[in-house]
Amino acid sequence: MSSTPSSIGVAVIGAGMAGRAHVAGYRAASSLYGGGLPEVRLVAVADAHAPFAESAARRWGYAKAVTSWQEVAEDPEVDAVSVVVANSLHREVVEGLLAAGKHVLCEKPLAPSIADAEAMVAAGERAAAEHGSVSGVGFTFRRSPAIGAVQRLVAGGSIGELRHVDGHYWCDYAVDPDAPMSWRYRGGPGSGALADIGSHLVDLAEFLGGPVTSVRGTTFTTVTTSRPKPVGVVVGHAKSAVSDEREPVENEDLVSFTATLASGASATLTASRISHGHANGLGFSVFCDRGAAVFDLERPAELLVSDDSAPAGLGGYRQVLVGPDHPYVAGGLAMDFPSVGHGQNDFFTFQCRAFLEQVAGTGDTPPLLPLGHGMHNLRVLDAVTRAASAPGTDVVVG
């Protein structure tokens with residue numbers, strides 16, 4: 001941007017589960033890290049289901065609720081927009097907003113196909129040239145202070161050369177075979193657990209060890225092969241009334257695979273939406289030649305570290321409580337000292353702040369990942385999917 005705007009009007013398209021996290025994030029973002037941002041105006045929440053939009057707008061103080069993305073695109077009060085809708089809708093909405101001169105943050109995965117992603121990247125490049133528009137894709141877990149601390153530990157080399165990343169994302173939202181059908185269960189192989197939550201695992205493996213260069217050994221498993229049609233509208237993973245009619249599930253409940261990273265390290269990754277007792281169980285271990293570290297989202301404000309510094313007989317993992325020496329904490333929390341605690345909602349707020357700083361041309365928070373990174377993520381997911389039909393073969397990321 002050539003100059004700092006006097007204010008930034010924001011809107012969120014999609015008022016479901018993650019959409020509400022964006023809606024709340026913008027309200028809190030201007031309170032982080034002191035000054036530096038222009039006034040942030042909470043303009044609109046959009047959702048095709050009007051009660052969702054109205055509830056979110058009322059709860060978080062947005063000026064209005066609307067029922068279409070076109071109303072947001074046409075609104076001169078709106079400058080920056082989060083797109084948090086079903087993956088199949090991303091391309092149309094993002095391209096329309098960019099053509100209207102808006103700044104756009106799109107949730108992951110970027111698009112339902114690589115071809116759609118390529119078109120979105122091209123649209124972002126045109127909008128940047130014509131309007132100075134900022135665009136990017138949201139991989140929220142990069143905003144975790146503990147994950148950032150692990151990344152710095154690995155990159156700094158104090159625990160040696162990275163050898164292995166072992167990661168899982170265990171969720172239980174699909175454990176109940178009678179939970180209602182939704183867009184998450186439609187699409188071919190690779191569009192289920194892999195795209196929904198495995199895309200985060202792939203991004204975190206790359207955050208820690210560099211780009212994925214090849215994958216192998218993919219196993220897809222679908223446990224529940226049909227689901228009942230909902231009666232009414234389904235939001236997020238919430239329970240709802242269902243009918244007696246069932247529809248076929250078109251994608252996987254569980255995926256596991258191995259990847260090779262540009263650093264030379266290996267990654268073993270598993271994503272599941274049928275892991276009983278784990279509502280949101282993201283976790284990983286990194287193993288280097290002189291140490292290791294562990295993160296568990298169910299204990300988000302801490303990490304475990306093992307290295308060679310302990311005296312003989314006293315080695316092993318030690319707990320590290322996240323505090324202001326770690327990314328995002330100093331000024332990012334109202335009480336910004338160790339053991340206060342935080343969670344995934346804060347990660348969305350840090351991401352909203354980063355986006356607003358990019359739009360304003362101020363601040364030093366790490367910027368959004370570009371749309372091109374979202375396209376790369378899809379190329380990795382495509383290689384993972386292709387590896388399912390090529391057992392024992394390394395599939396190179398295109």
# chains A, B, ... in the order shown; residues from 1 in each chain; ligands from 1
>>> select_by_dssp(residues="stretch 111-227 of chain A", states="strand (DSSP E)", output="PyMOL selection string")
chain A and resi 135-138+162-170+212-221+226-227
>>> write_last_selection(atoms="N, CA and C atoms", output="short mmCIF file (atom, residue, chain, number, x, y, z; two decimals), in the first residue's frame")
data_model
loop_
_atom_site.label_atom_id
_atom_site.label_comp_id
_atom_site.auth_asym_id
_atom_site.auth_seq_id
_atom_site.Cartn_x
_atom_site.Cartn_y
_atom_site.Cartn_z
N SER A 135 -3.71 -10.24 -0.55
CA SER A 135 -4.45 -11.50 -0.48
C SER A 135 -3.56 -12.56 0.12
N GLY A 136 -4.19 -13.53 0.78
CA GLY A 136 -3.43 -14.61 1.39
C GLY A 136 -4.35 -15.71 1.87
N VAL A 137 -3.71 -16.79 2.33
CA VAL A 137 -4.45 -17.97 2.78
C VAL A 137 -4.17 -18.17 4.27
N GLY A 138 -5.19 -18.64 5.00
CA GLY A 138 -5.07 -18.77 6.44
C GLY A 138 -4.70 -20.18 6.89
N LEU A 162 17.33 -31.64 11.92
CA LEU A 162 16.02 -32.29 11.94
C LEU A 162 16.08 -33.63 11.20
N ARG A 163 15.57 -34.66 11.85
CA ARG A 163 15.55 -35.99 11.24
C ARG A 163 14.13 -36.46 10.92
N HIS A 164 13.18 -36.16 11.82
CA HIS A 164 11.86 -36.77 11.69
C HIS A 164 10.80 -35.88 12.34
N VAL A 165 9.69 -35.69 11.64
CA VAL A 165 8.49 -35.05 12.19
C VAL A 165 7.39 -36.10 12.22
N ASP A 166 6.82 -36.32 13.37
CA ASP A 166 5.69 -37.24 13.50
C ASP A 166 4.48 -36.44 13.94
N GLY A 167 3.47 -36.35 13.09
CA GLY A 167 2.33 -35.48 13.39
C GLY A 167 1.00 -36.17 13.23
N HIS A 168 0.04 -35.73 14.03
CA HIS A 168 -1.32 -36.25 13.91
C HIS A 168 -2.31 -35.11 14.12
N TYR A 169 -3.45 -35.26 13.49
CA TYR A 169 -4.59 -34.39 13.79
C TYR A 169 -5.78 -35.32 13.99
N TRP A 170 -6.10 -35.56 15.26
CA TRP A 170 -7.16 -36.48 15.63
C TRP A 170 -8.40 -35.69 16.04
N VAL A 212 7.53 -30.06 1.33
CA VAL A 212 7.41 -31.47 1.02
C VAL A 212 7.81 -31.68 -0.43
N THR A 213 8.74 -32.58 -0.66
CA THR A 213 9.19 -32.85 -2.03
C THR A 213 8.55 -34.09 -2.62
N SER A 214 8.23 -35.09 -1.78
CA SER A 214 7.58 -36.30 -2.28
C SER A 214 6.84 -36.97 -1.14
N VAL A 215 5.89 -37.83 -1.50
CA VAL A 215 5.09 -38.56 -0.52
C VAL A 215 4.97 -40.02 -0.97
N ARG A 216 4.60 -40.87 -0.03
CA ARG A 216 4.43 -42.29 -0.35
C ARG A 216 3.59 -42.95 0.74
N GLY A 217 3.08 -44.14 0.39
CA GLY A 217 2.41 -44.98 1.38
C GLY A 217 1.08 -44.47 1.87
N THR A 218 0.34 -43.76 1.06
CA THR A 218 -0.95 -43.23 1.51
C THR A 218 -1.97 -44.35 1.71
N THR A 219 -2.67 -44.28 2.82
CA THR A 219 -3.81 -45.16 3.08
C THR A 219 -5.02 -44.31 3.41
N PHE A 220 -6.09 -44.49 2.64
CA PHE A 220 -7.38 -43.85 2.91
C PHE A 220 -8.33 -44.88 3.49
N THR A 221 -9.08 -44.51 4.52
CA THR A 221 -10.08 -45.39 5.10
C THR A 221 -11.37 -44.61 5.31
N SER A 226 -22.27 -43.96 4.72
CA SER A 226 -23.45 -43.14 4.41
C SER A 226 -23.84 -42.35 5.66
N ARG A 227 -24.49 -41.21 5.43
CA ARG A 227 -24.93 -40.36 6.54
C ARG A 227 -26.34 -39.84 6.25
#
>>> closest_atom_pairs(of="stretch 84-197 of chain A", to="stretch 382-396 of chain A", cutoff="10 Å", atoms="only C-alpha atoms", output="JSON lines")
{"residue": "A:Ser113", "atom": "CA", "partner": "A:Asp382", "partner_atom": "CA", "distance": 8.7}
{"residue": "A:Ile114", "atom": "CA", "partner": "A:Asp382", "partner_atom": "CA", "distance": 8.3}
{"residue": "A:Gly188", "atom": "CA", "partner": "A:Thr385", "partner_atom": "CA", "distance": 9.7}
{"residue": "A:Pro189", "atom": "CA", "partner": "A:Thr385", "partner_atom": "CA", "distance": 6.7}
{"residue": "A:Gly190", "atom": "CA", "partner": "A:Thr385", "partner_atom": "CA", "distance": 5.5}
{"residue": "A:Ser191", "atom": "CA", "partner": "A:Thr385", "partner_atom": "CA", "distance": 9.1}
{"residue": "A:Leu194", "atom": "CA", "partner": "A:Val384", "partner_atom": "CA", "distance": 8.7}
{"residue": "A:Ala195", "atom": "CA", "partner": "A:Asp382", "partner_atom": "CA", "distance": 9.7}
>>> write_last_selection(atoms="all heavy atoms", output="PDB file, in the first residue's frame")
ATOM      1  N   SER A 113      -9.641 -27.612  -6.196  1.00  0.00           N
ATOM      2  CA  SER A 113      -8.776 -28.231  -7.205  1.00  0.00           C
ATOM      3  C   SER A 113      -7.583 -27.332  -7.477  1.00  0.00           C
ATOM      4  O   SER A 113      -7.609 -26.125  -7.198  1.00  0.00           O
ATOM      5  CB  SER A 113      -9.547 -28.464  -8.513  1.00  0.00           C
ATOM      6  OG  SER A 113      -9.792 -27.227  -9.169  1.00  0.00           O
ATOM      7  N   ILE A 114      -6.541 -27.908  -8.030  1.00  0.00           N
ATOM      8  CA  ILE A 114      -5.356 -27.135  -8.383  1.00  0.00           C
ATOM      9  C   ILE A 114      -5.695 -26.113  -9.467  1.00  0.00           C
ATOM     10  O   ILE A 114      -5.212 -24.968  -9.421  1.00  0.00           O
ATOM     11  CB  ILE A 114      -4.228 -28.079  -8.842  1.00  0.00           C
ATOM     12  CG1 ILE A 114      -3.751 -28.922  -7.650  1.00  0.00           C
ATOM     13  CG2 ILE A 114      -3.063 -27.293  -9.427  1.00  0.00           C
ATOM     14  CD1 ILE A 114      -2.772 -30.014  -8.024  1.00  0.00           C
ATOM     15  N   GLY A 188     -14.324 -36.387  -3.866  1.00  0.00           N
ATOM     16  CA  GLY A 188     -13.631 -37.655  -4.021  1.00  0.00           C
ATOM     17  C   GLY A 188     -12.551 -37.876  -2.990  1.00  0.00           C
ATOM     18  O   GLY A 188     -12.399 -37.105  -2.034  1.00  0.00           O
ATOM     19  N   PRO A 189     -11.765 -38.935  -3.164  1.00  0.00           N
ATOM     20  CA  PRO A 189     -10.664 -39.228  -2.244  1.00  0.00           C
ATOM     21  C   PRO A 189      -9.726 -38.029  -2.096  1.00  0.00           C
ATOM     22  O   PRO A 189      -9.370 -37.376  -3.071  1.00  0.00           O
ATOM     23  CB  PRO A 189      -9.954 -40.407  -2.917  1.00  0.00           C
ATOM     24  CG  PRO A 189     -11.005 -41.061  -3.742  1.00  0.00           C
ATOM     25  CD  PRO A 189     -11.877 -39.949  -4.237  1.00  0.00           C
ATOM     26  N   GLY A 190      -9.356 -37.743  -0.863  1.00  0.00           N
ATOM     27  CA  GLY A 190      -8.485 -36.607  -0.583  1.00  0.00           C
ATOM     28  C   GLY A 190      -9.216 -35.361  -0.164  1.00  0.00           C
ATOM     29  O   GLY A 190      -8.597 -34.422   0.351  1.00  0.00           O
ATOM     30  N   SER A 191     -10.540 -35.339  -0.336  1.00  0.00           N
ATOM     31  CA  SER A 191     -11.310 -34.147   0.019  1.00  0.00           C
ATOM     32  C   SER A 191     -11.925 -34.236   1.406  1.00  0.00           C
ATOM     33  O   SER A 191     -12.603 -33.313   1.844  1.00  0.00           O
ATOM     34  CB  SER A 191     -12.424 -33.906  -1.016  1.00  0.00           C
ATOM     35  OG  SER A 191     -13.376 -34.962  -0.980  1.00  0.00           O
ATOM     36  N   LEU A 194      -8.179 -35.534   4.786  1.00  0.00           N
ATOM     37  CA  LEU A 194      -6.925 -34.981   4.260  1.00  0.00           C
ATOM     38  C   LEU A 194      -7.041 -33.487   4.015  1.00  0.00           C
ATOM     39  O   LEU A 194      -6.208 -32.699   4.488  1.00  0.00           O
ATOM     40  CB  LEU A 194      -6.521 -35.704   2.971  1.00  0.00           C
ATOM     41  CG  LEU A 194      -5.259 -35.165   2.290  1.00  0.00           C
ATOM     42  CD1 LEU A 194      -4.047 -35.287   3.193  1.00  0.00           C
ATOM     43  CD2 LEU A 194      -5.022 -35.872   0.956  1.00  0.00           C
ATOM     44  N   ALA A 195      -8.058 -33.060   3.266  1.00  0.00           N
ATOM     45  CA  ALA A 195      -8.200 -31.633   2.953  1.00  0.00           C
ATOM     46  C   ALA A 195      -8.626 -30.830   4.172  1.00  0.00           C
ATOM     47  O   ALA A 195      -8.119 -29.727   4.417  1.00  0.00           O
ATOM     48  CB  ALA A 195      -9.213 -31.445   1.818  1.00  0.00           C
TER      49      ALA A 195
END
>>> closest_residue(among="A:Arg184, A:His103, A:Arg58, A:His276", to="A:Val81", atoms="only C-alpha atoms")
A:His103
>>> closest_residue(among="A:Thr270, A:Ser275, A:Gln319, A:Gln351", to="A:Glu107", atoms="only C-alpha atoms")
A:Gln351
>>> residues_around(residues="A:Gly25", least_positions_apart="5", cutoff="7 Å", atoms="only C-alpha atoms", output="list in words")
Phe348, Thr349 and Cys352 of chain A
>>> closest_residue(among="A:Met375, A:Met335, A:Ala301, A:Ala179", to="A:Ser243", atoms="only C-alpha atoms")
A:Ala179
>>> closest_residue(among="A:Tyr328, A:Phe207, A:Tyr185, A:Tyr26", to="A:Val249", atoms="only C-alpha atoms")
A:Tyr185
>>> atom_distance(atom1="atom CA of A:Gly281", atom2="atom CA of A:Arg299")
9.8 Å
>>> closest_residue(among="A:Asp203, A:Arg318, A:Ser240, A:Gly210", to="A:Leu269", atoms="only C-alpha atoms")
A:Asp203
>>> closest_residue(among="A:Pro38, A:Pro228, A:Gly363, A:Gly316", to="A:Val294", atoms="only C-alpha atoms")
A:Gly316
>>> residues_around(residues="A:Thr365", least_positions_apart="6", cutoff="9 Å", atoms="only C-alpha atoms", output="JSON, numbers by chain")
{"A": [328, 350, 351, 353, 354, 355, 357, 358]}
>>> select_by_dssp(residues="stretch 99-344 of chain A", states="helix (DSSP H, G or I)", output="ChimeraX atom specification")
/A:99,114-131,140-143,145-156,183-185,193-209,344
>>> atom_distance(atom1="atom CA of A:Glu206", atom2="atom CA of A:Asn280")
20.6 Å
>>> atom_distance(atom1="atom CA of A:Pro370", atom2="atom CA of A:Thr67")
27.7 Å
>>> residues_around(residues="A:Trp60", least_positions_apart="5", cutoff="8 Å", atoms="only C-alpha atoms", output="ChimeraX atom specification")
/A:23-24,27
>>> write_last_selection(atoms="N, CA, C and O atoms", output="PDB file, in the first residue's frame")
ATOM      1  N   VAL A  23     -14.784 -13.550  12.835  1.00  0.00           N
ATOM      2  CA  VAL A  23     -15.613 -12.423  13.261  1.00  0.00           C
ATOM      3  C   VAL A  23     -15.115 -11.891  14.606  1.00  0.00           C
ATOM      4  O   VAL A  23     -14.914 -10.677  14.791  1.00  0.00           O
ATOM      5  N   ALA A  24     -14.901 -12.780  15.562  1.00  0.00           N
ATOM      6  CA  ALA A  24     -14.414 -12.365  16.876  1.00  0.00           C
ATOM      7  C   ALA A  24     -12.983 -11.854  16.792  1.00  0.00           C
ATOM      8  O   ALA A  24     -12.597 -10.919  17.517  1.00  0.00           O
ATOM      9  N   ARG A  27     -12.605  -8.165  15.950  1.00  0.00           N
ATOM     10  CA  ARG A  27     -12.995  -7.280  17.046  1.00  0.00           C
ATOM     11  C   ARG A  27     -11.852  -7.116  18.046  1.00  0.00           C
ATOM     12  O   ARG A  27     -11.614  -6.024  18.573  1.00  0.00           O
TER      13      ARG A  27
END
>>> residues_around(residues="A:Gly101", least_positions_apart="2", cutoff="9 Å", atoms="only C-alpha atoms", output="ChimeraX atom specification")
/A:73,79,96-99,103,127-128,130-133
